[in-house]
file input-v1.cif (mmCIF, C-alpha atoms and all ligand atoms)
data_start
#
loop_
_atom_site.label_atom_id
_atom_site.label_comp_id
_atom_site.auth_asym_id
_atom_site.auth_seq_id
_atom_site.Cartn_x
_atom_site.Cartn_y
_atom_site.Cartn_z
CA MET A 1 118.41 58.61 45.17
CA SER A 2 117.06 61.83 43.78
CA ARG A 3 116.96 64.97 45.83
CA MET A 4 113.84 65.70 47.76
CA ASN A 5 112.41 69.07 46.81
CA TRP A 6 110.13 71.37 48.69
CA SER A 7 107.01 72.19 46.72
CA GLU A 8 103.73 73.96 47.33
CA ARG A 9 101.88 70.65 47.55
CA LEU A 10 103.82 69.97 50.79
CA SER A 11 102.86 73.31 52.28
CA LEU A 12 100.41 73.24 55.19
CA GLY A 13 100.06 77.03 55.17
CA ILE A 14 101.37 77.11 58.76
CA GLY A 15 104.65 79.03 58.57
CA SER A 16 106.39 77.51 61.62
CA ILE A 17 105.61 73.95 60.51
CA ASP A 18 106.48 74.55 56.84
CA ARG A 19 109.87 75.91 57.91
CA GLN A 20 110.51 72.89 60.16
CA HIS A 21 109.55 70.49 57.36
CA GLN A 22 111.97 72.33 55.06
CA VAL A 23 114.78 71.78 57.59
CA LEU A 24 113.93 68.06 57.66
CA ILE A 25 114.04 67.88 53.85
CA LYS A 26 117.44 69.62 53.92
CA CYS A 27 118.73 67.05 56.45
CA ILE A 28 117.49 64.12 54.33
CA ASN A 29 119.19 65.62 51.25
CA GLU A 30 122.40 66.05 53.26
CA LEU A 31 122.18 62.40 54.27
CA ASP A 32 121.63 61.42 50.65
CA GLU A 33 124.75 63.33 49.62
CA ALA A 34 126.90 62.16 52.54
CA ILE A 35 127.36 58.73 50.97
CA HIS A 36 129.18 60.26 48.00
CA LYS A 37 131.93 61.66 50.20
CA ASP A 38 135.24 59.85 50.16
CA GLU A 39 135.80 56.89 52.45
CA ASN A 40 137.35 58.93 55.27
CA PHE A 41 134.44 61.29 55.58
CA LYS A 42 131.56 59.03 54.57
CA VAL A 43 131.00 57.22 57.85
CA ARG A 44 131.58 60.24 60.07
CA THR A 45 129.42 62.56 57.96
CA THR A 46 126.62 60.01 57.64
CA LEU A 47 126.54 59.35 61.39
CA ASN A 48 126.57 63.08 62.14
CA VAL A 49 123.68 63.74 59.77
CA ILE A 50 121.65 60.83 61.20
CA GLU A 51 122.20 62.25 64.70
CA LYS A 52 121.15 65.74 63.54
CA LEU A 53 118.10 64.33 61.78
CA VAL A 54 117.01 62.30 64.83
CA ASN A 55 117.43 65.32 67.13
CA TYR A 56 115.62 67.72 64.84
CA THR A 57 112.80 65.23 64.25
CA LYS A 58 112.36 65.02 68.04
CA VAL A 59 112.19 68.82 68.27
CA HIS A 60 109.68 68.96 65.41
CA PHE A 61 107.43 66.23 66.86
CA MET A 62 107.50 67.89 70.28
CA TYR A 63 106.57 71.22 68.67
CA GLU A 64 103.54 69.69 66.94
CA GLU A 65 102.47 67.75 70.03
CA LEU A 66 103.11 70.33 72.76
CA VAL A 67 102.82 73.71 71.06
CA LEU A 68 100.66 73.29 67.97
CA PHE A 69 98.07 70.93 69.48
CA LYS A 70 97.57 73.48 72.29
CA GLN A 71 96.50 75.97 69.64
CA ILE A 72 94.55 73.53 67.49
CA PRO A 73 92.20 71.27 69.47
CA PHE A 74 92.63 68.58 66.83
CA PRO A 75 90.49 65.50 67.71
CA GLU A 76 93.06 63.02 66.35
CA THR A 77 96.05 64.12 68.43
CA GLU A 78 96.48 60.67 70.02
CA GLU A 79 96.60 58.92 66.63
CA HIS A 80 99.03 61.57 65.44
CA LYS A 81 101.33 61.01 68.42
CA ILE A 82 101.25 57.26 67.75
CA ALA A 83 102.29 57.91 64.12
CA HIS A 84 105.25 59.95 65.44
CA ARG A 85 106.27 57.12 67.84
CA LYS A 86 106.12 54.57 65.00
CA ILE A 87 108.51 56.66 62.88
CA PHE A 88 110.91 56.87 65.79
CA ASP A 89 110.77 53.12 66.38
CA ALA A 90 111.58 52.54 62.70
CA VAL A 91 114.57 54.91 62.89
CA GLU A 92 115.77 53.11 66.03
CA VAL A 93 115.73 49.84 64.08
CA PHE A 94 118.01 51.46 61.46
CA LYS A 95 120.30 52.76 64.21
CA ASP A 96 120.50 49.26 65.72
CA ARG A 97 121.32 47.78 62.33
CA LEU A 98 124.24 50.19 62.06
CA LYS A 99 125.91 48.25 64.89
CA THR A 100 126.27 45.16 62.70
CA GLU A 101 125.81 46.33 59.09
CA SER A 102 127.80 48.84 57.08
CA ILE A 103 126.51 52.32 56.35
CA THR A 104 127.01 51.71 52.64
CA ASP A 105 124.57 48.78 52.79
CA ILE A 106 121.94 50.55 54.88
CA HIS A 107 122.19 54.02 53.36
CA PRO A 108 119.98 53.62 50.23
CA GLU A 109 117.21 51.96 52.22
CA LEU A 110 117.40 54.61 54.93
CA VAL A 111 117.19 57.52 52.47
CA VAL A 112 114.21 55.97 50.67
CA PHE A 113 112.49 55.30 54.00
CA LEU A 114 113.02 58.88 55.20
CA ASN A 115 111.88 60.38 51.90
CA GLN A 116 108.70 58.32 51.86
CA TRP A 117 108.06 58.78 55.55
CA LEU A 118 108.28 62.56 55.43
CA THR A 119 106.22 62.93 52.26
CA ASN A 120 103.51 60.56 53.51
CA HIS A 121 103.42 62.02 57.00
CA ILE A 122 103.12 65.59 55.73
CA LEU A 123 100.53 64.80 53.07
CA LYS A 124 98.41 62.32 55.02
CA ASP A 125 98.81 63.06 58.74
CA ASP A 126 100.00 66.66 59.11
CA MET A 127 97.65 67.85 56.38
CA LYS A 128 94.70 66.61 58.50
CA TYR A 129 95.39 69.05 61.35
CA ALA A 130 96.04 71.87 58.85
CA ILE A 131 92.67 71.25 57.16
CA TYR A 132 90.96 70.95 60.55
CA ALA A 133 92.42 74.29 61.69
CA LYS A 134 91.26 75.94 58.49
CA GLU A 135 87.76 74.51 58.83
CA GLN A 136 87.56 75.74 62.43
CA GLY A 137 88.82 79.18 61.43
CA ILE A 138 91.91 78.82 63.64
CA ASN A 139 94.79 80.83 62.24
CA VAL A 140 98.17 79.56 63.44
CA GLN A 141 101.50 80.60 62.05
FE FE B 201 103.35 65.17 62.51
FE FE B 202 105.27 67.42 60.78
#

call {"tool": "encode", "arguments": {"input": "input-v1.cif", "output": "structure tokens", "more": "lines below"}}
Ligand SMILES: [Fe+2]
Ligand SMILES: [Fe+2]
result
Amino acid sequence: MSRMNWSERLSLGIGSIDRQHQVLIKCINELDEAIHKDENFKVRTTLNVIEKLVNYTKVHFMYEELVLFKQIPFPETEEHKIAHRKIFDAVEVFKDRLKTESITDIHPELVVFLNQWLTNHILKDDMKYAIYAKEQGINVQ
């Protein structure tokens, strides 16, 4: 899997959110690289990164839902929260699969899923509240 790179097209122009998205990209790249570690470290590193990614994603979603949406009265907050829940459910399915399948088998699929999820969510869902804020003249950083 190729590295995920931050680029201007992913920028929402909201500093706090852009920084959080950059941390998520870094975590996904770390996960991508973890599989290349030697056998002893592979499983432990991969599980640690998944844990970190899940925890940071929770923090990021909570920030958007509880802090950002207080500042931006975005009309589609409910739909946005549902999109967040769906991502979490999908990650839980991967975590469940780890109980019976090997990390080596699941890893490529998980990295592709996370890459696509983050890119799509930023460009399609998060971009909507950023555009809305701009249109309303609400400046959040
Ligand atoms: Fe979001
Ligand atoms: Fe986001």

call {"tool": "residues_around", "arguments": {"input": "input-v1.cif", "residues": "Leu24 of chain A", "least_positions_apart": "4", "cutoff": "9 Å", "atoms": "only C-alpha atoms", "output": "short mmCIF file (atom, residue, chain, number, x, y, z; two decimals) with C-alpha atoms, in the coordinates of the input"}}
result
data_model
loop_
_atom_site.label_atom_id
_atom_site.label_comp_id
_atom_site.auth_asym_id
_atom_site.auth_seq_id
_atom_site.Cartn_x
_atom_site.Cartn_y
_atom_site.Cartn_z
CA ARG A 19 109.87 75.91 57.91
CA GLN A 20 110.51 72.89 60.16
CA ILE A 28 117.49 64.12 54.33
CA ASN A 29 119.19 65.62 51.25
CA LEU A 53 118.10 64.33 61.78
CA TYR A 56 115.62 67.72 64.84
CA THR A 57 112.80 65.23 64.25
CA HIS A 60 109.68 68.96 65.41
CA LEU A 118 108.28 62.56 55.43
#

call {"tool": "closest_atom_pairs", "arguments": {"input": "input-v1.cif", "of": "chain A", "to": "ligand FE 202 (chain B)", "cutoff": "10 Å", "atoms": "only C-alpha atoms and all ligand atoms", "output": "CSV"}}
result
residue,atom,partner,partner_atom,distance
A:Leu12,CA,B:FE202,FE,9.4
A:Ile17,CA,B:FE202,FE,6.5
A:Asp18,CA,B:FE202,FE,8.2
A:Gln20,CA,B:FE202,FE,7.6
A:His21,CA,B:FE202,FE,6.3
A:Leu24,CA,B:FE202,FE,9.2
A:Thr57,CA,B:FE202,FE,8.6
A:His60,CA,B:FE202,FE,6.6
A:Phe61,CA,B:FE202,FE,6.6
A:Met62,CA,B:FE202,FE,9.8
A:Tyr63,CA,B:FE202,FE,8.9
A:Glu64,CA,B:FE202,FE,6.8
A:Glu65,CA,B:FE202,FE,9.7
A:His80,CA,B:FE202,FE,9.7
A:His84,CA,B:FE202,FE,8.8
A:Leu118,CA,B:FE202,FE,7.8
A:Thr119,CA,B:FE202,FE,9.7
A:His121,CA,B:FE202,FE,6.8
A:Ile122,CA,B:FE202,FE,5.8
A:Leu123,CA,B:FE202,FE,9.4
A:Asp125,CA,B:FE202,FE,8.1
A:Asp126,CA,B:FE202,FE,5.6
A:Met127,CA,B:FE202,FE,8.8

call {"tool": "closest_residue", "arguments": {"input": "input-v1.cif", "among": "A:Ile131, A:Phe69, A:Val54, A:Ile82", "to": "Phe94 of chain A", "atoms": "all atoms listed in the file"}}
result
A:Val54

call {"tool": "atom_distance", "arguments": {"input": "input-v1.cif", "atom1": "atom CA of Glu51 of chain A", "atom2": "atom CA of Lys128 of chain A"}}
result
28.5 Å

call {"tool": "closest_residue", "arguments": {"input": "input-v1.cif", "among": "A:Asn139, A:Ser102, A:Asn48, A:Thr77", "to": "ligand FE 201 (chain B)", "atoms": "all atoms listed in the file"}}
result
A:Thr77

call {"tool": "closest_residue", "arguments": {"input": "input-v1.cif", "among": "A:Lys81, A:Lys52, A:Arg97, A:Lys70", "to": "ligand FE 201 (chain B)", "atoms": "only C-alpha atoms and all ligand atoms"}}
result
A:Lys81

call {"tool": "residues_around", "arguments": {"input": "input-v1.cif", "residues": "segment 43-45 of chain A", "least_positions_apart": "4", "cutoff": "7 Å", "atoms": "all atoms listed in the file", "output": "list in words"}}
result
Ala34, Val49 and Ile103 of chain A

call {"tool": "atom_distance", "arguments": {"input": "input-v1.cif", "atom1": "atom CA of Ala90 of chain A", "atom2": "atom CA of Leu110 of chain A"}}
result
9.9 Å

call {"tool": "atom_distance", "arguments": {"input": "input-v1.cif", "atom1": "atom CA of Ile35 of chain A", "atom2": "atom CA of Ile106 of chain A"}}
result
10.6 Å

call {"tool": "residues_around", "arguments": {"input": "input-v1.cif", "residues": "Gln71 of chain A", "least_positions_apart": "2", "cutoff": "12 Å", "atoms": "all atoms listed in the file", "output": "PyMOL selection string"}}
result
chain A and resi 14+63-69+73-74+77+129-130+132-133+136-141

call {"tool": "decode", "arguments": {"input": "input-v1.cif", "residues": "segment 5-41 of chain A", "atoms": "N, CA, C and O atoms", "output": "tab-separated table (two decimals), in the first residue's frame"}}
result
chain	number	residue	atom	x	y	z
A	5	ASN	N	-0.62	10.73	1.71
A	5	ASN	CA	0.03	12.02	1.91
A	5	ASN	C	-0.98	13.13	2.14
A	5	ASN	O	-2.05	13.13	1.55
A	6	TRP	N	-0.58	14.04	3.01
A	6	TRP	CA	-1.41	15.21	3.23
A	6	TRP	C	-1.24	16.13	2.03
A	6	TRP	O	-0.15	16.29	1.52
A	7	SER	N	-2.35	16.68	1.53
A	7	SER	CA	-2.21	17.66	0.46
A	7	SER	C	-3.26	18.74	0.66
A	7	SER	O	-4.21	18.55	1.43
A	8	GLU	N	-3.07	19.84	-0.03
A	8	GLU	CA	-3.97	20.98	0.12
A	8	GLU	C	-5.43	20.61	-0.17
A	8	GLU	O	-6.34	21.18	0.39
A	9	ARG	N	-5.62	19.63	-1.07
A	9	ARG	CA	-7.01	19.30	-1.43
A	9	ARG	C	-7.74	18.71	-0.22
A	9	ARG	O	-8.97	18.71	-0.15
A	10	LEU	N	-6.99	18.19	0.77
A	10	LEU	CA	-7.63	17.65	1.97
A	10	LEU	C	-7.86	18.72	3.04
A	10	LEU	O	-8.49	18.46	4.06
A	11	SER	N	-7.32	19.90	2.80
A	11	SER	CA	-7.43	20.95	3.81
A	11	SER	C	-8.83	21.56	3.86
A	11	SER	O	-9.41	21.91	2.85
A	12	LEU	N	-9.37	21.67	5.10
A	12	LEU	CA	-10.68	22.28	5.27
A	12	LEU	C	-10.54	23.77	5.58
A	12	LEU	O	-11.52	24.48	5.68
A	13	GLY	N	-9.30	24.20	5.82
A	13	GLY	CA	-9.07	25.60	6.19
A	13	GLY	C	-9.45	25.87	7.64
A	13	GLY	O	-9.60	27.01	8.06
A	14	ILE	N	-9.66	24.80	8.42
A	14	ILE	CA	-9.94	24.93	9.86
A	14	ILE	C	-8.74	24.27	10.55
A	14	ILE	O	-8.59	23.05	10.51
A	15	GLY	N	-7.87	25.12	11.12
A	15	GLY	CA	-6.59	24.65	11.63
A	15	GLY	C	-6.67	23.44	12.55
A	15	GLY	O	-5.94	22.46	12.37
A	16	SER	N	-7.56	23.50	13.56
A	16	SER	CA	-7.66	22.41	14.54
A	16	SER	C	-8.00	21.08	13.85
A	16	SER	O	-7.41	20.04	14.14
A	17	ILE	N	-8.94	21.15	12.92
A	17	ILE	CA	-9.38	19.92	12.23
A	17	ILE	C	-8.30	19.42	11.27
A	17	ILE	O	-8.01	18.22	11.24
A	18	ASP	N	-7.67	20.33	10.53
A	18	ASP	CA	-6.60	19.91	9.62
A	18	ASP	C	-5.50	19.19	10.39
A	18	ASP	O	-4.99	18.17	9.96
A	19	ARG	N	-5.15	19.73	11.56
A	19	ARG	CA	-4.08	19.10	12.36
A	19	ARG	C	-4.51	17.71	12.83
A	19	ARG	O	-3.73	16.77	12.82
A	20	GLN	N	-5.78	17.57	13.23
A	20	GLN	CA	-6.26	16.26	13.69
A	20	GLN	C	-6.27	15.26	12.53
A	20	GLN	O	-5.91	14.10	12.69
A	21	HIS	N	-6.69	15.72	11.36
A	21	HIS	CA	-6.68	14.83	10.19
A	21	HIS	C	-5.25	14.40	9.85
A	21	HIS	O	-5.02	13.27	9.45
A	22	GLN	N	-4.30	15.31	10.03
A	22	GLN	CA	-2.89	14.96	9.76
A	22	GLN	C	-2.41	13.88	10.72
A	22	GLN	O	-1.66	12.99	10.33
A	23	VAL	N	-2.85	13.95	11.98
A	23	VAL	CA	-2.47	12.91	12.95
A	23	VAL	C	-3.05	11.57	12.51
A	23	VAL	O	-2.37	10.53	12.57
A	24	LEU	N	-4.30	11.59	12.04
A	24	LEU	CA	-4.93	10.34	11.58
A	24	LEU	C	-4.17	9.74	10.40
A	24	LEU	O	-3.94	8.53	10.34
A	25	ILE	N	-3.76	10.60	9.46
A	25	ILE	CA	-2.99	10.12	8.30
A	25	ILE	C	-1.68	9.49	8.78
A	25	ILE	O	-1.29	8.42	8.31
A	26	LYS	N	-1.04	10.13	9.76
A	26	LYS	CA	0.23	9.62	10.29
A	26	LYS	C	0.01	8.23	10.91
A	26	LYS	O	0.81	7.32	10.71
A	27	CYS	N	-1.09	8.08	11.65
A	27	CYS	CA	-1.41	6.78	12.27
A	27	CYS	C	-1.62	5.71	11.20
A	27	CYS	O	-1.16	4.58	11.35
A	28	ILE	N	-2.35	6.06	10.14
A	28	ILE	CA	-2.64	5.07	9.08
A	28	ILE	C	-1.32	4.68	8.40
A	28	ILE	O	-1.10	3.50	8.11
A	29	ASN	N	-0.43	5.64	8.18
A	29	ASN	CA	0.88	5.33	7.58
A	29	ASN	C	1.71	4.44	8.50
A	29	ASN	O	2.39	3.53	8.05
A	30	GLU	N	1.61	4.70	9.80
A	30	GLU	CA	2.33	3.86	10.78
A	30	GLU	C	1.80	2.43	10.73
A	30	GLU	O	2.56	1.48	10.81
A	31	LEU	N	0.49	2.32	10.60
A	31	LEU	CA	-0.13	0.99	10.51
A	31	LEU	C	0.34	0.28	9.24
A	31	LEU	O	0.69	-0.91	9.26
A	32	ASP	N	0.39	1.03	8.15
A	32	ASP	CA	0.85	0.49	6.87
A	32	ASP	C	2.27	-0.06	7.01
A	32	ASP	O	2.59	-1.16	6.53
A	33	GLU	N	3.12	0.69	7.72
A	33	GLU	CA	4.52	0.29	7.86
A	33	GLU	C	4.73	-0.82	8.88
A	33	GLU	O	5.69	-1.59	8.78
A	34	ALA	N	3.81	-0.92	9.84
A	34	ALA	CA	3.98	-1.90	10.93
A	34	ALA	C	4.09	-3.33	10.41
A	34	ALA	O	4.78	-4.16	11.01
A	35	ILE	N	3.44	-3.61	9.31
A	35	ILE	CA	3.41	-4.98	8.79
A	35	ILE	C	4.80	-5.40	8.27
A	35	ILE	O	5.10	-6.58	8.17
A	36	HIS	N	5.65	-4.42	7.97
A	36	HIS	CA	6.98	-4.76	7.45
A	36	HIS	C	7.99	-5.04	8.55
A	36	HIS	O	9.13	-5.37	8.27
A	37	LYS	N	7.56	-4.88	9.79
A	37	LYS	CA	8.48	-5.17	10.90
A	37	LYS	C	8.68	-6.68	10.98
A	37	LYS	O	7.89	-7.45	10.45
A	38	ASP	N	9.74	-7.09	11.66
A	38	ASP	CA	9.95	-8.53	11.73
A	38	ASP	C	8.88	-9.20	12.61
A	38	ASP	O	8.17	-8.54	13.36
A	39	GLU	N	8.79	-10.48	12.47
A	39	GLU	CA	7.73	-11.29	13.08
A	39	GLU	C	7.46	-10.94	14.56
A	39	GLU	O	6.32	-10.84	14.98
A	40	ASN	N	8.54	-10.75	15.32
A	40	ASN	CA	8.39	-10.49	16.75
A	40	ASN	C	7.64	-9.20	17.06
A	40	ASN	O	6.89	-9.10	18.02
A	41	PHE	N	7.90	-8.21	16.21
A	41	PHE	CA	7.32	-6.89	16.47
A	41	PHE	C	6.02	-6.64	15.73
A	41	PHE	O	5.23	-5.80	16.13
